Each structure stands twice: as structure tokens, then as C-alpha cells.
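Structure data (compact mmCIF, C-alpha atoms) from model-v8.txt:
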# COMPACT_ATOMS: atom_id res chain seq x y z
CA MET A 26 15.80 245.60 59.23
CA TYR A 27 13.27 243.69 61.29
CA GLY A 28 9.60 244.44 60.80
CA VAL A 29 6.09 243.15 61.27
CA GLU A 30 3.14 243.58 58.96
CA VAL A 31 -0.42 242.92 60.05
CA ASN A 32 -2.86 242.72 57.18
CA LYS A 33 -6.68 242.79 57.55
CA LEU A 34 -6.59 240.72 60.72
CA SER A 35 -9.96 239.51 61.98
CA LYS A 36 -10.92 237.28 64.85
CA ARG A 37 -14.29 235.88 65.79
CA PHE A 38 -15.30 233.82 68.79
CA GLY A 39 -18.40 232.03 67.54
CA THR A 40 -20.59 234.74 66.11
CA ARG A 41 -18.94 237.54 68.11
CA ARG A 42 -16.48 239.72 66.23
CA VAL A 43 -13.51 240.73 68.35
CA LEU A 44 -11.16 242.09 65.71
CA GLU A 45 -12.18 243.31 62.28
CA ASP A 46 -9.73 244.15 59.50
CA VAL A 47 -6.88 245.37 61.72
CA SER A 48 -3.88 246.43 59.65
CA PHE A 49 -0.59 248.08 60.55
CA SER A 50 3.08 247.85 59.77
CA LEU A 51 6.02 248.42 62.13
CA SER A 52 9.79 248.31 61.80
CA VAL A 53 12.70 248.65 64.25
CA GLY A 54 12.37 251.88 66.21
CA ASP A 55 8.57 251.85 66.03
CA SER A 56 6.30 251.52 69.03
CA LEU A 57 2.57 250.99 69.03
CA ALA A 58 -0.02 251.39 71.77
CA VAL A 59 -3.11 249.23 71.30
CA VAL A 60 -5.91 250.84 73.26
CA GLY A 61 -9.59 250.20 73.78
CA LYS A 62 -12.19 249.21 76.32
CA ASN A 63 -12.27 245.87 78.12
CA GLY A 64 -13.20 243.17 75.63
CA SER A 65 -12.20 245.23 72.62
CA GLY A 66 -9.64 242.62 71.51
CA LYS A 67 -6.32 244.08 72.74
CA THR A 68 -5.15 240.85 74.38
CA THR A 69 -6.46 238.78 71.48
CA LEU A 70 -4.44 240.89 69.04
CA LEU A 71 -1.26 240.45 71.09
CA LYS A 72 -1.87 236.72 71.44
CA ILE A 73 -2.25 236.39 67.67
CA LEU A 74 0.98 238.34 67.17
CA ALA A 75 2.74 236.08 69.70
CA GLY A 76 1.49 232.96 67.93
CA LEU A 77 -0.67 231.91 70.86
CA ALA A 78 -3.93 232.24 68.92
CA ALA A 79 -4.87 231.91 65.27
CA PRO A 80 -6.71 234.67 63.42
CA THR A 81 -10.01 233.92 61.71
CA ARG A 82 -8.85 235.92 58.70
CA GLY A 83 -5.84 238.02 57.75
CA THR A 84 -2.11 237.58 58.08
CA VAL A 85 0.77 238.50 60.39
CA THR A 86 4.20 238.56 58.75
CA PHE A 87 7.42 238.97 60.68
CA SER A 88 10.41 239.77 58.51
CA ASN A 89 14.07 240.69 58.51
CA GLU A 90 15.62 242.39 55.46
CA LYS A 91 12.34 241.62 53.63
CA GLN A 92 12.81 237.89 54.27
CA LYS A 93 9.86 236.30 56.05
CA LEU A 94 10.79 234.77 59.41
CA ASP A 95 9.58 231.26 60.16
CA ARG A 96 7.95 230.21 63.43
CA ALA A 97 11.22 229.17 65.09
CA GLU A 98 12.96 232.41 64.09
CA VAL A 99 10.08 234.49 65.42
CA ARG A 100 10.19 232.54 68.68
CA GLN A 101 13.87 233.41 69.05
CA CYS A 102 13.36 237.16 68.79
CA LEU A 103 9.91 237.74 70.31
CA SER A 104 8.95 238.13 73.94
CA TYR A 105 5.57 238.62 75.53
CA VAL A 106 4.54 239.78 78.97
CA GLY A 107 0.89 239.49 79.91
CA PRO A 108 -1.39 238.81 82.85
CA GLU A 109 -2.23 235.24 81.77
CA LEU A 110 1.43 234.29 81.49
CA THR A 111 2.67 232.35 84.51
CA LEU A 112 6.09 231.05 85.47
CA TYR A 113 6.77 227.92 87.54
CA ASP A 114 5.44 228.20 91.10
CA PHE A 115 7.61 225.36 92.41
CA LEU A 116 10.85 226.75 91.02
CA THR A 117 12.70 229.62 92.63
CA ALA A 118 13.10 232.89 90.75
CA ALA A 119 16.70 231.99 89.96
CA GLU A 120 15.70 228.50 88.77
CA ASN A 121 12.99 230.00 86.57
CA LEU A 122 15.51 232.38 85.01
CA THR A 123 18.11 229.65 84.52
CA PHE A 124 15.54 227.34 82.93
CA PHE A 125 14.19 229.91 80.49
CA ALA A 126 17.73 231.06 79.66
CA ALA A 127 18.54 227.47 78.68
CA MET A 128 15.39 227.30 76.57
CA ARG A 129 16.46 230.53 74.87
CA GLY A 130 19.82 228.93 74.08
CA THR A 131 21.83 230.84 76.66
CA SER A 132 23.45 229.55 79.80
CA VAL A 133 23.52 231.95 82.73
CA ASP A 134 25.54 231.81 85.92
CA THR A 135 24.56 232.79 89.45
CA ALA A 136 26.23 236.19 89.22
CA TRP A 137 24.33 237.06 86.03
CA VAL A 138 21.03 235.95 87.55
CA GLU A 139 21.69 238.09 90.64
CA THR A 140 22.54 241.11 88.43
CA MET A 141 19.35 240.66 86.44
CA LEU A 142 17.23 240.29 89.57
CA ALA A 143 18.87 243.32 91.14
CA ALA A 144 18.12 245.37 88.02
CA LEU A 145 14.46 244.55 88.56
CA GLN A 146 14.77 245.26 92.29
CA LEU A 147 14.42 241.59 93.19
CA GLY A 148 17.97 241.37 94.51
CA GLY A 149 18.42 238.82 97.28
CA ARG A 150 15.09 237.15 96.46
CA GLY A 151 16.39 234.77 93.82
CA GLY A 152 16.09 231.81 96.18
CA ASP A 153 12.39 232.38 96.85
CA PHE A 154 9.80 230.28 95.06
CA TYR A 155 7.93 232.10 92.31
CA GLY A 156 4.69 230.91 93.92
CA ALA A 157 5.62 232.80 97.09
CA TYR A 158 6.18 236.09 95.23
CA SER A 159 3.67 238.93 95.40
CA SER A 160 1.83 239.76 92.17
CA GLY A 161 4.10 242.78 91.58
CA MET A 162 7.25 240.72 92.08
CA LYS A 163 5.87 238.09 89.70
CA GLN A 164 5.33 240.78 87.09
CA ARG A 165 8.94 241.94 87.49
CA LEU A 166 10.25 238.40 87.08
CA LYS A 167 8.19 238.01 83.91
CA TYR A 168 10.10 241.00 82.53
CA ALA A 169 13.39 239.32 83.46
CA VAL A 170 12.34 236.22 81.51
CA ALA A 171 11.10 238.33 78.59
CA LEU A 172 14.44 240.14 78.30
CA LEU A 173 16.55 236.95 78.33
CA ASN A 174 16.60 236.68 74.55
CA ASP A 175 17.25 240.40 73.99
CA PRO A 176 14.01 240.54 71.93
CA VAL A 177 13.47 242.43 68.71
CA TYR A 178 9.70 242.22 69.20
CA LEU A 179 8.45 242.99 72.70
CA LEU A 180 4.71 242.57 73.27
CA LEU A 181 3.36 243.93 76.54
CA ASP A 182 -0.21 243.39 77.69
CA GLU A 183 -1.12 245.69 80.59
CA PRO A 184 2.60 246.37 81.15
CA THR A 185 2.36 247.96 84.58
CA ALA A 186 -0.33 245.69 86.06
CA ASN A 187 0.32 245.03 89.77
CA LEU A 188 3.46 247.18 89.80
CA ASP A 189 4.29 249.90 92.31
CA ASP A 190 5.78 253.25 91.28
CA GLU A 191 9.33 251.84 91.25
CA GLY A 192 8.19 248.95 89.09
CA LYS A 193 6.43 251.32 86.69
CA LYS A 194 9.67 253.30 86.32
CA ILE A 195 11.58 250.12 85.47
CA VAL A 196 8.99 249.22 82.83
CA ALA A 197 9.20 252.73 81.34
CA GLU A 198 12.99 252.31 81.09
CA ILE A 199 12.65 248.89 79.46
CA ILE A 200 10.20 250.29 76.90
CA ALA A 201 12.42 253.31 76.20
CA ARG A 202 15.42 251.00 75.55
CA GLN A 203 13.31 248.69 73.40
CA LYS A 204 12.15 251.62 71.25
CA LYS A 205 15.76 252.36 70.31
CA ASN A 206 16.70 248.87 69.16
CA GLY A 207 13.50 246.96 68.51
CA ILE A 208 9.74 247.05 68.17
CA VAL A 209 7.41 247.39 71.13
CA ILE A 210 3.65 246.88 71.13
CA VAL A 211 1.79 247.82 74.30
CA ALA A 212 -1.84 246.90 74.96
CA THR A 213 -3.36 249.06 77.64
CA ASN A 214 -6.47 250.86 78.75
CA GLU A 215 -4.56 253.22 81.06
CA ALA A 216 -4.51 256.65 79.43
CA GLY A 217 -1.24 257.40 81.22
CA GLU A 218 0.44 254.57 79.30
CA TYR A 219 -0.48 255.77 75.82
CA GLY A 220 2.74 257.79 75.92
CA PHE A 221 4.81 254.60 76.00
CA ALA A 222 4.37 254.42 72.23
CA ASP A 223 4.70 256.72 69.24
CA LYS A 224 1.78 255.24 67.32
CA LEU A 225 -1.67 254.37 68.56
CA ILE A 226 -4.39 252.06 67.35
CA ARG A 227 -7.81 252.10 68.98
CA LEU A 228 -9.85 248.90 68.93
CA GLY A 229 -13.55 248.40 69.43
CA ASN A 230 -14.82 251.25 67.29
CA MET B 198 19.59 243.46 79.23
CA LYS B 199 19.12 245.07 75.83
CA ARG B 200 21.14 244.21 72.74
CA GLY B 201 24.62 245.55 73.22
CA SER B 202 24.05 246.81 76.76
CA THR B 203 24.47 243.54 78.65
CA VAL B 204 26.70 240.70 77.62
CA LEU B 205 24.87 237.42 77.91
CA PRO B 206 27.00 234.48 79.00
CA THR B 207 28.16 231.72 76.67
CA SER B 208 25.63 230.36 74.21
CA SER B 209 24.57 226.73 74.41
CA SER B 210 21.73 226.44 71.99
CA GLY B 211 21.94 222.66 71.42
CA LEU B 212 18.85 220.53 71.40
CA ALA B 213 20.39 218.26 74.04
CA THR B 214 20.99 221.19 76.41
CA LYS B 215 17.41 222.39 76.03
CA SER B 216 15.97 218.89 76.43
CA LEU B 217 18.05 218.37 79.57
CA ALA B 218 16.82 221.71 80.90
CA VAL B 219 13.20 220.55 80.46
CA LEU B 220 14.04 217.22 82.12
CA ARG B 221 15.81 218.92 85.03
CA LYS B 222 12.93 221.35 85.51
CA ASP B 223 10.35 218.53 85.51
CA ILE B 224 12.38 216.40 87.93
CA LEU B 225 12.87 219.37 90.27
CA SER B 226 9.19 220.29 90.07
CA GLU B 227 8.09 216.66 90.58
CA PHE B 228 10.48 216.19 93.50
CA ARG B 229 8.85 219.19 95.20
CA THR B 230 5.20 218.37 94.44
CA ARG B 231 5.32 214.55 94.02
CA TYR B 232 2.09 214.73 92.08
CA ALA B 233 2.81 212.13 89.37
CA ILE B 234 5.04 209.88 91.51
CA ASN B 235 2.40 209.58 94.23
CA ALA B 236 -0.37 208.82 91.74
CA ILE B 237 1.59 206.25 89.78
CA LEU B 238 3.09 204.41 92.77
CA LEU B 239 -0.14 204.40 94.75
CA PHE B 240 -2.04 202.95 91.81
CA GLY B 241 0.70 200.41 91.08
CA VAL B 242 1.06 199.13 94.64
CA THR B 243 -2.71 199.03 95.21
CA THR B 244 -3.34 197.04 92.01
CA LEU B 245 -0.46 194.69 92.79
CA THR B 246 -1.85 194.06 96.27
CA VAL B 247 -5.29 193.22 94.84
CA VAL B 248 -3.71 190.87 92.29
CA SER B 249 -1.60 189.26 94.98
CA PHE B 250 -4.55 188.59 97.30
CA SER B 251 -6.85 187.34 94.56
CA VAL B 252 -4.72 185.17 92.25
CA GLY B 253 -1.13 185.62 93.41
CA GLN B 254 -0.69 182.22 95.07
CA LEU B 255 -2.69 180.06 92.64
CA GLY B 256 0.34 178.86 90.65
CA LEU B 257 -1.06 180.20 87.38
CA PRO B 258 0.67 179.74 84.00
CA ALA B 259 3.37 182.22 82.92
CA ASP B 260 0.94 183.69 80.32
CA VAL B 261 -1.40 184.88 83.04
CA TYR B 262 1.32 186.36 85.24
CA ALA B 263 2.83 188.16 82.22
CA ALA B 264 -0.58 189.66 81.40
CA LEU B 265 -1.21 190.66 85.01
CA PHE B 266 2.21 192.30 85.24
CA TRP B 267 1.62 194.49 82.17
CA ILE B 268 -1.94 195.32 83.21
CA ILE B 269 -0.49 196.74 86.44
CA ILE B 270 2.19 198.68 84.55
CA PHE B 271 -0.24 199.98 81.91
CA PHE B 272 -2.93 201.28 84.26
CA SER B 273 -0.40 202.70 86.72
CA ALA B 274 1.21 204.54 83.82
CA MET B 275 -2.19 205.86 82.74
CA SER B 276 -2.67 207.41 86.16
CA GLY B 277 0.52 209.49 86.06
CA LEU B 278 2.20 209.88 82.68
CA ALA B 279 -0.26 212.48 81.39
CA GLN B 280 0.79 214.85 84.17
CA VAL B 281 3.80 216.13 82.22
CA PHE B 282 1.52 218.18 80.00
CA VAL B 283 -1.66 218.37 82.08
CA LYS B 284 0.29 220.16 84.82
CA GLU B 285 1.65 222.69 82.30
CA GLU B 286 -1.86 223.48 81.02
CA GLU B 287 -3.52 223.57 84.43
CA SER B 288 -0.89 225.84 85.96
CA ARG B 289 -0.92 227.94 82.75
CA THR B 290 2.85 227.60 82.31
CA ALA B 291 2.27 226.04 78.87
CA ILE B 292 1.94 229.58 77.45
CA VAL B 293 5.42 230.69 78.42
CA LEU B 294 6.82 227.31 77.40
CA ARG B 295 5.25 227.70 73.94
CA LEU B 296 6.64 231.21 73.64
CA THR B 297 10.20 230.40 74.61
CA SER B 298 10.95 226.80 73.79
CA ASP B 299 11.75 224.54 70.87
CA PRO B 300 8.90 221.96 70.65
CA THR B 301 11.33 219.10 69.93
CA ALA B 302 13.29 219.88 73.09
CA ILE B 303 10.05 219.91 75.08
CA TYR B 304 8.99 216.51 73.71
CA LEU B 305 12.40 214.92 74.30
CA GLY B 306 12.69 216.30 77.83
CA LYS B 307 9.21 215.11 78.74
CA LEU B 308 9.74 211.74 77.04
CA VAL B 309 12.84 211.06 79.17
CA PHE B 310 10.99 212.27 82.27
CA ASN B 311 8.10 209.85 81.60
CA PHE B 312 10.57 207.05 80.89
CA LEU B 313 12.32 207.68 84.23
CA LEU B 314 8.95 207.78 85.98
CA LEU B 315 8.08 204.39 84.45
CA ALA B 316 11.51 203.03 85.42
CA LEU B 317 10.89 204.10 89.01
CA LEU B 318 7.47 202.42 88.98
CA GLU B 319 8.99 199.22 87.59
CA LEU B 320 11.80 199.34 90.12
CA VAL B 321 9.21 199.23 92.89
CA ILE B 322 6.60 196.97 91.26
CA THR B 323 8.82 194.28 89.69
CA PRO B 324 10.48 192.89 92.85
CA LEU B 325 7.19 193.13 94.75
CA PHE B 326 5.40 191.28 91.93
CA PHE B 327 7.77 188.31 92.21
CA VAL B 328 7.59 188.33 96.01
CA LEU B 329 3.80 188.59 96.23
CA THR B 330 2.89 186.13 93.44
CA ASP B 331 3.96 182.66 92.36
CA ALA B 332 5.49 183.98 89.15
CA ARG B 333 8.99 182.63 88.54
CA MET B 334 11.69 184.23 86.43
CA ALA B 335 13.26 181.96 83.79
CA ASN B 336 15.55 184.54 82.19
CA VAL B 337 16.32 187.83 83.92
CA GLY B 338 18.17 189.33 80.92
CA LEU B 339 15.26 188.83 78.55
CA PHE B 340 12.80 190.10 81.13
CA LEU B 341 14.81 193.30 81.63
CA ILE B 342 15.19 193.91 77.87
CA VAL B 343 11.44 193.45 77.30
CA LEU B 344 10.77 195.79 80.22
CA LEU B 345 13.24 198.39 78.93
CA VAL B 346 12.06 198.43 75.32
CA GLY B 347 8.40 198.12 76.33
CA SER B 348 8.76 201.10 78.67
CA LEU B 349 10.44 203.16 75.96
CA GLY B 350 7.53 202.53 73.58
CA LEU B 351 5.01 203.17 76.36
CA ALA B 352 6.69 206.46 77.30
CA GLY B 353 7.04 207.52 73.64
CA ALA B 354 3.37 207.02 72.82
CA SER B 355 1.92 208.26 76.09
CA THR B 356 3.97 211.49 76.04
CA LEU B 357 2.45 212.49 72.69
CA ILE B 358 -1.05 211.44 73.79
CA ALA B 359 -0.59 213.44 77.00
CA ALA B 360 0.10 216.55 74.90
CA ILE B 361 -3.04 215.89 72.83
CA ILE B 362 -5.37 215.45 75.81
CA SER B 363 -3.88 218.18 78.02
CA LYS B 364 -6.29 220.83 76.73
CA ALA B 365 -9.41 218.65 77.05
CA SER B 366 -11.82 218.93 79.97
CA ILE B 367 -12.00 215.16 80.71
CA LYS B 368 -8.29 214.50 80.61
CA GLY B 369 -8.01 211.31 82.70
CA ALA B 370 -10.64 209.27 80.87
CA LEU B 371 -9.55 210.55 77.47
CA PHE B 372 -5.93 209.62 78.13
CA ALA B 373 -6.74 205.97 78.82
CA VAL B 374 -9.30 205.76 76.00
CA LEU B 375 -6.92 207.25 73.42
CA SER B 376 -3.89 205.35 74.70
CA PHE B 377 -5.40 201.87 74.71
CA PRO B 378 -5.80 201.31 70.94
CA ILE B 379 -2.44 202.97 70.23
CA LEU B 380 -0.65 200.95 72.89
CA LEU B 381 -2.38 197.62 72.12
CA PRO B 382 0.37 196.31 69.75
CA LEU B 383 2.98 197.22 72.36
CA LEU B 384 1.06 195.48 75.14
CA ILE B 385 0.58 192.33 73.04
CA GLY B 386 4.33 192.22 72.27
CA ALA B 387 5.36 193.02 75.83
CA ILE B 388 3.06 190.37 77.34
CA ALA B 389 4.27 187.72 74.87
CA GLY B 390 7.92 188.67 75.49
CA THR B 391 7.45 188.63 79.26
CA ARG B 392 5.72 185.23 79.06
CA LYS B 393 8.83 183.82 77.36
CA ALA B 394 11.09 185.45 79.97
CA LEU B 395 8.99 183.79 82.69
CA GLY B 396 8.40 180.41 81.08
CA VAL B 397 10.97 179.53 78.40
CA THR B 398 14.21 178.07 79.74
CA GLU B 399 15.92 176.95 76.50
CA SER B 400 17.15 179.68 74.08
CA PRO B 401 14.71 182.27 75.40
CA PHE B 402 16.20 185.10 73.27
CA SER B 403 15.67 183.10 70.05
CA ALA B 404 12.16 182.24 71.16
CA ALA B 405 11.40 185.89 71.96
CA ALA B 406 13.02 187.36 68.82
CA PRO B 407 9.69 188.22 67.09
CA GLU B 408 8.42 189.99 70.23
CA LEU B 409 11.67 191.91 70.65
CA GLN B 410 11.56 192.96 66.98
CA LEU B 411 7.98 194.13 67.44
CA LEU B 412 8.79 196.09 70.61
CA ILE B 413 11.91 197.75 69.15
CA SER B 414 10.08 198.63 65.91
CA TYR B 415 7.15 200.01 67.87
CA ALA B 416 9.40 202.21 70.04
CA VAL B 417 11.36 203.52 67.03
CA VAL B 418 8.25 204.22 64.93
CA MET B 419 6.34 205.79 67.81
CA ILE B 420 9.15 208.10 68.93
CA THR B 421 9.97 209.12 65.34
CA ALA B 422 6.31 209.82 64.54
CA SER B 423 5.93 211.74 67.81
CA LEU B 424 8.95 213.91 67.03
CA LEU B 425 7.44 214.75 63.63
CA LEU B 426 3.93 215.38 64.95
CA PHE B 427 4.62 217.02 68.29
CA GLU B 428 5.14 220.57 66.99
CA PHE B 429 1.66 220.55 65.41
CA VAL B 430 0.02 219.03 68.49
CA TRP B 431 1.78 221.46 70.84
CA GLU B 432 1.29 224.67 68.93
CA GLU B 433 -2.23 224.23 67.54

Would you encode the structure as C-alpha cells?
Amino acid sequence: MYGVEVNKLSKRFGTRRVLEDVSFSLSVGDSLAVVGKNGSGKTTLLKILAGLAAPTRGTVTFSNEKQKLDRAEVRQCLSYVGPELTLYDFLTAAENLTFFAAMRGTSVDTAWVETMLAALQLGGRGGDFYGAYSSGMKQRLKYAVALLNDPVYLLLDEPTANLDDEGKKIVAEIIARQKKNGIVIVATNEAGEYGFADKLIRLGN
Amino acid sequence: MKRGSTVLPTSSSGLATKSLAVLRKDILSEFRTRYAINAILLFGVTTLTVVSFSVGQLGLPADVYAALFWIIIFFSAMSGLAQVFVKEEESRTAIVLRLTSDPTAIYLGKLVFNFLLLALLELVITPLFFVLTDARMANVGLFLIVLLVGSLGLAGASTLIAAIISKASIKGALFAVLSFPILLPLLIGAIAGTRKALGVTESPFSAAAPELQLLISYAVVMITASLLLFEFVWEE
């Protein structure tokens, strides 16, 4: 069974402590909401988990059947959606999806891309450049890219940012599905989103 | 979309497929923005014009024309080859690329892209160089081989250096400063090889064997070292 163990994780930027001795352990079926005020370290924690930042101290161990996963294995089964993540402005939505599918080791055809876009209510807009999308549409396309590898670990930073009510419903469905078959970690400061997860960790105390 | 709920199409997880995807994406993106092509061609043609007006018709020795030719290629390359990674960092797409992609595939895709960019530059600059200066070609085959192997080494080294400097604040200056000492052996070999292609009429391949050995060795060592080092440069 897949799992992740975070042990006494700390992060400092210069002399400023952002995270201090954060520890938790999750396995398939678990979901965690990381909550706290702005600047409390929610995004930093997710970035460390995603391998985009290094901790000052502490460890993050991804495992399957108690065997530690290496960097390449983690990359294969982890997806991250966050505000600072950007797709290619000068590629269309369909080209973005096709490119990232190839990078994930999967080839997708036009019909599959259209189905995926339609599921995220972007049907018929696959030929539009990502740069011409609204912020809400961009957020939806990020979810399409994040789901390409059918992730075990799904990390979501401000999961409903820029989304309308329909978009928020889609995200809630994605999280509900992920909770059945994988691990989901949601960083948010929206009280209404705490319910996305079964466990909660509050940062900044 | 979730495991078991949507059947993903056929798997094609090969390194070649991923590298080609990176190459295709960069070509498509470059074709639409023309950021690197414009910079590299503008610099190349401008420098060539200056060379042509100043010393082009003086009937200089082959050594001088060979040096001038590679100076144009080197500095034109410096103005555009870093874009493969600088663009990813500046547009913040490097994050999603790091999250989803095999570093080796990224390096190989970007290496081929830079090589093609150099080939395009040389395709424009080389005929113009011989038209606008008094340089004369003694052996076309040798010249093309030196150009090909020299470009491969140049692309191999500059792609790795581009990844190193892409996070720095003074990217342009740093790229040239870091590249020069690393590329110096290649430039020396390429200039010497080109001089023999321009000036030696009898057994030019035998005469240029040491330079060709140097250029091939440089390209092999540089690309191998880059493949080994790139993951650390890219992910740290």
C-alpha cells in the first residue's frame, strides 16, 4: 500500500521559521487538509512534498509496500495543482494535454483529449491557446494535466482558486474519487474546504 | 480519469518519445513566438555585416577568416541558446516540467532543439559569409564535418550551461562568461579545423585529423557529462 511519512519537517528562509517539526503519516484512503493563515507555510509544505523545495531539516518518505520510492517513482505517481504552476501559454489546451501525456509516458488521441476537456467543462475549447484562457479555465486545465498520470498522491494548493460554482463541484468530485484510491493533501485557508479531508493539520501555531 | 475509471490510451514511455515530445513542444512554441530565432539570426547577420564591411574584402589569410567565422557563430549562439531554459523559468513552466518529466528526456529534447537552432543559423550565415568576404573554400566536405561536430559540442555544452544560469538574475552575461572557458577547447579545435578546410588543398582530412579527433571527443565527453549532471542541475 502506498504511503507518505513526514518526519519533523522544518523550513527556514534566512532567520525566519516557516515550518517547525511538522510530522504526519498518510496511506491510501487518507486525506489531509493543511490549514493556516497566509504565510503559515502551507504552500511551502506542499512544495517540499512535491520535491520542488528542500526542507531545512526533517524527512519526507514516499513508500509502497514499505519500500521507499525513489525520485523518479514519486514523479510518476504524484501530481500537484497550485497557483504558481503554469502551463504553456503558446500551446493550445489540447497541445498542452498531449505534451504532458507524452511526458507522463502515455499517448493520447484527439477523442480522449476532447473527453477529458469535456469532463472539466472545457469542451470545444481545446484549440484555444492556454494564454487566452480565463484564470478559472486555466485552473481546470491544470486539473486535467494533474490527472493524466492517475496519481496516487494528489497535492492541491488552494484547490478552488479562481473557480466558479461548477468548477468547485468538479474539484469536489475529483477529491472524493482520489480519497477512495489514493492520498490527497489540500492546502487551504477557506473554512468551507476543510471538509475536503478527513484529517487536519493547522500550521502557524 | 481515476485509476480504473478511465482507460488511458496506449503507453509509450520510451525516452525517445519523451525527448521528441519536448523537441516538438519547443519547436512549436518557438515557431509561434520566434524569440530565440530572431535573437540569434539578428545577431549573426549584424555581426557578419560588420565583419564584411571592415575586413571582408582584404584578402586575409584562411586563419583569420576561420576565426572570424567561429566568432560570429559563438556570439550569435550566446544570444539565443540559453532561451530553452530561461523561457521555462521566466514563464514559470519549469515547475510543471520538473513535476512531470524525466530530466534526461528534457535535456535530450532541448539539446536537439539547440542543435537545430544552430544548424538554422549556420544555414543562413555560412553562404552569406562566403559571399560577403574573400574567404575561399578548399574542401567543402571537411568544412561541413567540422561545422557539424563543432555545433554538436557547442549545443551540448551550452544546453547544460543554459540550465545552470536559468535561475540567475543576470542570465545573459552569466551565460557568455560561463560558456567561454568551457567552450574554449571546442573553439580552438573548430577554428583550426575550419582553417584547414579553407586553406589546405592536399589531403585536408589527414591534415585535420587531430582537430576532428578533438572536436568529436569534446562533443562525446560534453554530452555524456551533461547527461550525468543534468538531473542535479535541473532539480536542485

Expected answer as an MDAnalysis selection string: chain A residues within 8 Å of chain B, only C-alpha atoms:
chainID A and resid 75:77 97 100:101 104:105 109:113 115:116 124:125 127:134 137 141 172:173 175:176 202:203 206

So what do you get for atom CA of Ser251 of chain B versus atom CA of Lys393 of chain B, distance-wise?
23.5 Å

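Separating atom CA of Gly61 of chain A from atom CA of Asp46 of chain A is a distance of 15.5 Å.
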
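Applying the 12 Å criterion to (-9.3, 217.3, 82.9) in file coordinates and using all atoms listed in the file, one obtains the residues B:Ala279, B:Gln280, B:Phe282, B:Val283, B:Lys284, B:Glu286, B:Glu287, B:Ala359, B:Ile361, B:Ile362, B:Ser363, B:Lys364, B:Ala365, B:Ser366, B:Ile367, B:Lys368, B:Gly369, B:Ala370, B:Leu371, B:Phe372.
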
Counting all atoms listed in the file, what are the residues of segment 33-122 of chain A within 9 Å of segment 184-201 of chain A, and for each of them which pair of atoms is the nearest and at what distance in Å, to one decimal? Sort the table by chain and rising number, as a Markdown table.
| residue | atom | partner | partner_atom | distance |
| --- | --- | --- | --- | --- |
| A:Ser56 | CA | A:Ile200 | CA | 8.9 |
| A:Val106 | CA | A:Pro184 | CA | 7.2 |
| A:Gly107 | CA | A:Pro184 | CA | 7.2 |
| A:Pro108 | CA | A:Ala186 | CA | 7.7 |

Show me as an mmCIF file with C-alpha atoms, in the frame of the given file the residues that reach within 8 Å of (3.1, 211.3, 88.8), counting only C-alpha atoms and using the file's own coordinates.
data_model
loop_
_atom_site.group_PDB
_atom_site.id
_atom_site.type_symbol
_atom_site.label_atom_id
_atom_site.label_comp_id
_atom_site.auth_asym_id
_atom_site.auth_seq_id
_atom_site.Cartn_x
_atom_site.Cartn_y
_atom_site.Cartn_z
ATOM 1 C CA GLU B 227 8.090 216.660 90.580
ATOM 2 C CA ARG B 231 5.320 214.550 94.020
ATOM 3 C CA TYR B 232 2.090 214.730 92.080
ATOM 4 C CA ALA B 233 2.810 212.130 89.370
ATOM 5 C CA ILE B 234 5.040 209.880 91.510
ATOM 6 C CA ASN B 235 2.400 209.580 94.230
ATOM 7 C CA ALA B 236 -0.370 208.820 91.740
ATOM 8 C CA ILE B 237 1.590 206.250 89.780
ATOM 9 C CA LEU B 238 3.090 204.410 92.770
ATOM 10 C CA SER B 276 -2.670 207.410 86.160
ATOM 11 C CA GLY B 277 0.520 209.490 86.060
ATOM 12 C CA LEU B 278 2.200 209.880 82.680
ATOM 13 C CA GLN B 280 0.790 214.850 84.170
ATOM 14 C CA LEU B 314 8.950 207.780 85.980
#

For a test of reading the model, state the distance in Å between atom CA of Leu70 of chain A and atom CA of Ser88 of chain A, rounded to one decimal.
18.2 Å

For Leu395 of chain B, work out the shell of residues within 8 Å, counting all atoms listed in the file and skipping chain neighbours fewer than 2 positions away, then give it as a PyMOL selection string.
chain B and resi 259+263+332-336+340+391-393+397

Limited to C-alpha atoms, could you put the picked residues into a file as a PDB file, in the frame of the given file?
ATOM      1  CA  ALA B 259       3.370 182.220  82.920  1.00  0.00           C
ATOM      2  CA  ALA B 263       2.830 188.160  82.220  1.00  0.00           C
ATOM      3  CA  ALA B 332       5.490 183.980  89.150  1.00  0.00           C
ATOM      4  CA  ARG B 333       8.990 182.630  88.540  1.00  0.00           C
ATOM      5  CA  MET B 334      11.690 184.230  86.430  1.00  0.00           C
ATOM      6  CA  ALA B 335      13.260 181.960  83.790  1.00  0.00           C
ATOM      7  CA  ASN B 336      15.550 184.540  82.190  1.00  0.00           C
ATOM      8  CA  PHE B 340      12.800 190.100  81.130  1.00  0.00           C
ATOM      9  CA  THR B 391       7.450 188.630  79.260  1.00  0.00           C
ATOM     10  CA  ARG B 392       5.720 185.230  79.060  1.00  0.00           C
ATOM     11  CA  LYS B 393       8.830 183.820  77.360  1.00  0.00           C
ATOM     12  CA  VAL B 397      10.970 179.530  78.400  1.00  0.00           C
TER      13      VAL B 397
END

Counting all atoms listed in the file, which of A:Gly83, A:Gly54, A:Gly152, A:Gly64 gets nearest to Ala119 of chain A?
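When distances to Ala119 of chain A are compared using all atoms listed in the file, the smallest one comes from A:Gly152.
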